[in-house]
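Take a look at the structure below.
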Amino acid sequence: MAKYRKLGRTSSQRKALIRGQVTSLLVNGKIVTTEAKAKEIRKVAEGLIAMAVKEKDNYESVTVKAKVARKDKDGKRVKEVVDGKKVTVYDEVEKTIKKDMPSRLHARREMLKVLYSATDVPKEAAGRKKNTKKIDIVAKLFEEIAPKYEGRNGGYTRIVKIGQRKGDAAMEVLIELV
């Protein structure tokens, strides 16, 4: 008996399909797909969420000094003339950052192996590149999704049957984060 569904695709196509669907599920919270695909997506998504829940508090806060460019009221860098050259003025600022412990760093890298990068496009500016922004899905997993499922032992996703698709009568389902 096979350990996974082949979904009528080559291994590279199947991996790409599952990666894309898992990424969409974590970004949007729910997706509509076929039943067979949903059952495969569930395996991968629940593994990632379980990893995030396990490692969510495994970091230390560190205060570091950083050089930040000084900006004027318009948000442009302030320049100063030094030895006949225009030089940007920098200020030293103390910042508190989260430094991952080794096991959390490993979990982060394992998640990045599976997830694609995602961009958020606002509805009013659809089709314009200017207002799009990248979504850090791994950070979303650690900071938003993992705390929600902290006291739960598995069962992070739900599959709800919708009905048969009109074209080929495949069973369509809604897979969502609980």
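Ordered as shown in the structure tokens, chains take letters A, B, and onward, while each chain numbers its residues from 1 and ligands are numbered from 1 in the order shown.
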Backbone DSSP call of alpha helix (DSSP H) for range 32-150 of chain A, listed as a PyMOL selection string
chain A and resi 35-55+102-114+137-140+146-148
Residues within 10 Å of Ser61 in chain A, please, as an MDAnalysis selection string. Count only C-alpha atoms; anything in the same chain fewer than 6 positions from it doesn't count.
chainID A and resid 95:100
Selected residues written out with N, CA and C atoms, as an mmCIF file, in the first residue's frame:
```
data_model
loop_
_atom_site.group_PDB
_atom_site.id
_atom_site.type_symbol
_atom_site.label_atom_id
_atom_site.label_comp_id
_atom_site.auth_asym_id
_atom_site.auth_seq_id
_atom_site.Cartn_x
_atom_site.Cartn_y
_atom_site.Cartn_z
ATOM 1 N N LYS A 95 18.032 48.180 19.467
ATOM 2 C CA LYS A 95 16.849 47.414 19.098
ATOM 3 C C LYS A 95 16.851 46.092 19.841
ATOM 4 N N THR A 96 15.656 45.604 20.159
ATOM 5 C CA THR A 96 15.519 44.282 20.758
ATOM 6 C C THR A 96 15.042 43.328 19.673
ATOM 7 N N ILE A 97 15.811 42.263 19.450
ATOM 8 C CA ILE A 97 15.466 41.294 18.414
ATOM 9 C C ILE A 97 15.299 39.913 19.038
ATOM 10 N N LYS A 98 14.576 39.045 18.322
ATOM 11 C CA LYS A 98 14.421 37.665 18.760
ATOM 12 C C LYS A 98 15.511 36.839 18.093
ATOM 13 N N LYS A 99 16.316 36.183 18.918
ATOM 14 C CA LYS A 99 17.365 35.308 18.397
ATOM 15 C C LYS A 99 16.900 33.876 18.578
ATOM 16 N N ASP A 100 16.730 33.156 17.459
ATOM 17 C CA ASP A 100 16.251 31.775 17.502
ATOM 18 C C ASP A 100 17.271 30.865 18.152
#
```
Calculated over only C-alpha atoms, which of the candidates A:Val138, A:Ala170, A:Leu177, A:Val68 has the smallest distance to Arg104 in chain A?
A:Val138
Could you list, as a PDB file with N, CA and C atoms, in the first residue's frame, every residue within 12 Å of Val178 in chain A, counting only C-alpha atoms and ignoring same-chain residues fewer than 4 positions away?
```
ATOM      1  N   LEU A  25      -3.200  27.735   1.929  1.00  0.00           N
ATOM      2  CA  LEU A  25      -3.988  27.418   3.121  1.00  0.00           C
ATOM      3  C   LEU A  25      -3.519  28.241   4.323  1.00  0.00           C
ATOM      4  N   LEU A  26      -2.207  28.331   4.520  1.00  0.00           N
ATOM      5  CA  LEU A  26      -1.688  29.065   5.673  1.00  0.00           C
ATOM      6  C   LEU A  26      -1.848  30.574   5.519  1.00  0.00           C
ATOM      7  N   GLY A  29      -6.141  30.833   5.221  1.00  0.00           N
ATOM      8  CA  GLY A  29      -6.930  30.182   6.260  1.00  0.00           C
ATOM      9  C   GLY A  29      -7.847  29.093   5.748  1.00  0.00           C
ATOM     10  N   LYS A  30      -8.222  29.127   4.473  1.00  0.00           N
ATOM     11  CA  LYS A  30      -9.049  28.075   3.883  1.00  0.00           C
ATOM     12  C   LYS A  30      -8.910  28.094   2.366  1.00  0.00           C
ATOM     13  N   ARG A  42      -3.440  18.194   4.120  1.00  0.00           N
ATOM     14  CA  ARG A  42      -3.638  18.127   5.572  1.00  0.00           C
ATOM     15  C   ARG A  42      -2.402  17.557   6.271  1.00  0.00           C
ATOM     16  N   GLU A  46      -0.504  20.091   8.849  1.00  0.00           N
ATOM     17  CA  GLU A  46      -0.551  19.770  10.275  1.00  0.00           C
ATOM     18  C   GLU A  46       0.843  19.541  10.827  1.00  0.00           C
ATOM     19  N   ILE A  49       2.322  23.057  11.361  1.00  0.00           N
ATOM     20  CA  ILE A  49       1.705  23.734  12.508  1.00  0.00           C
ATOM     21  C   ILE A  49       2.191  23.108  13.811  1.00  0.00           C
ATOM     22  N   ILE A 145      -0.477  31.691  14.202  1.00  0.00           N
ATOM     23  CA  ILE A 145      -1.129  30.388  14.145  1.00  0.00           C
ATOM     24  C   ILE A 145      -0.765  29.510  15.344  1.00  0.00           C
ATOM     25  N   LYS A 148      -2.537  30.108  18.728  1.00  0.00           N
ATOM     26  CA  LYS A 148      -3.949  29.742  18.650  1.00  0.00           C
ATOM     27  C   LYS A 148      -4.155  28.262  18.969  1.00  0.00           C
ATOM     28  N   TYR A 149      -3.180  27.414  18.597  1.00  0.00           N
ATOM     29  CA  TYR A 149      -3.307  25.968  18.773  1.00  0.00           C
ATOM     30  C   TYR A 149      -2.432  25.429  19.903  1.00  0.00           C
ATOM     31  N   ARG A 152      -3.727  22.412  21.984  1.00  0.00           N
ATOM     32  CA  ARG A 152      -4.395  21.398  21.168  1.00  0.00           C
ATOM     33  C   ARG A 152      -3.391  20.349  20.695  1.00  0.00           C
ATOM     34  N   GLY A 154      -2.887  18.198  17.898  1.00  0.00           N
ATOM     35  CA  GLY A 154      -3.235  17.797  16.534  1.00  0.00           C
ATOM     36  C   GLY A 154      -4.635  18.228  16.161  1.00  0.00           C
ATOM     37  N   GLY A 155      -5.045  17.876  14.954  1.00  0.00           N
ATOM     38  CA  GLY A 155      -6.369  18.248  14.473  1.00  0.00           C
ATOM     39  C   GLY A 155      -6.498  19.732  14.219  1.00  0.00           C
ATOM     40  N   TYR A 156      -5.511  20.313  13.531  1.00  0.00           N
ATOM     41  CA  TYR A 156      -5.497  21.754  13.287  1.00  0.00           C
ATOM     42  C   TYR A 156      -6.302  22.142  12.054  1.00  0.00           C
ATOM     43  N   THR A 157      -6.641  21.162  11.210  1.00  0.00           N
ATOM     44  CA  THR A 157      -7.394  21.464   9.990  1.00  0.00           C
ATOM     45  C   THR A 157      -8.713  20.707   9.980  1.00  0.00           C
ATOM     46  N   ARG A 158      -9.649  21.220   9.206  1.00  0.00           N
ATOM     47  CA  ARG A 158     -10.968  20.599   9.056  1.00  0.00           C
ATOM     48  C   ARG A 158     -11.255  20.491   7.563  1.00  0.00           C
ATOM     49  N   ILE A 159     -11.798  19.329   7.146  1.00  0.00           N
ATOM     50  CA  ILE A 159     -12.187  19.135   5.755  1.00  0.00           C
ATOM     51  C   ILE A 159     -13.713  19.009   5.720  1.00  0.00           C
ATOM     52  N   VAL A 160     -14.352  19.910   4.973  1.00  0.00           N
ATOM     53  CA  VAL A 160     -15.812  19.914   4.852  1.00  0.00           C
ATOM     54  C   VAL A 160     -16.164  19.655   3.389  1.00  0.00           C
ATOM     55  N   LEU A 174     -13.802  21.867   1.249  1.00  0.00           N
ATOM     56  CA  LEU A 174     -13.222  23.076   1.814  1.00  0.00           C
ATOM     57  C   LEU A 174     -12.292  22.625   2.925  1.00  0.00           C
TER      58      LEU A 174
END
```
For Ile18 in chain A, the nearest of the candidates A:Met111, A:Ile137, A:Ile41, A:Val53, counting only C-alpha atoms:
A:Ile41
DSSP-assigned strand (DSSP E or B) members of chain A, reported as JSON, numbers by chain:
{"A": [30, 31, 32, 33, 34, 59, 60, 61, 62, 63, 64, 65, 66, 67, 68, 69, 71, 77, 79, 80, 81, 82, 85, 86, 87, 88, 90, 91, 92, 93, 94, 95, 96, 97, 98, 99, 100, 118, 119, 120, 133, 134, 135, 157, 158, 159, 160, 161, 162, 163, 164, 171, 172, 173, 174, 175, 176, 177]}
List the spatial neighbours of Lys79 in chain A as a PyMOL selection string - criterion: any atom at most 8 Å away, only C-alpha atoms, same-chain residues fewer than 5 positions off excluded.
chain A and resi 86-89
Would you output that residue set with C-alpha atoms, as a PDB file, in the first residue's frame?
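Result written to result_10.pdb:
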```pdb
ATOM      1  CA  LYS A  86      27.714  64.053   0.199  1.00  0.00           C
ATOM      2  CA  VAL A  87      27.486  61.460   2.961  1.00  0.00           C
ATOM      3  CA  THR A  88      24.376  59.995   4.606  1.00  0.00           C
ATOM      4  CA  VAL A  89      24.009  60.758   8.315  1.00  0.00           C
TER       5      VAL A  89
END
```
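Of the listed residues A:Thr34, A:Leu17, A:Ala52, A:Tyr4, the one whose atoms come nearest to Glu110 in chain A is A:Ala52, with distances taken using only C-alpha atoms.
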Which residues are close to Thr132 in chain A, i.e. within 7 Å by only C-alpha atoms, leaving aside same-chain residues fewer than 3 positions away? Reply as an MDAnalysis selection string.
chainID A and resid 119:122 129
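Nearest to Ile135 in chain A of all the residues A:Gln164, A:Pro147, A:Ala38, A:Leu115 is A:Leu115, counting only C-alpha atoms.
Here CA of Ile175 in chain A stands at a distance of 10.2 Å from CA of Val22 in chain A.
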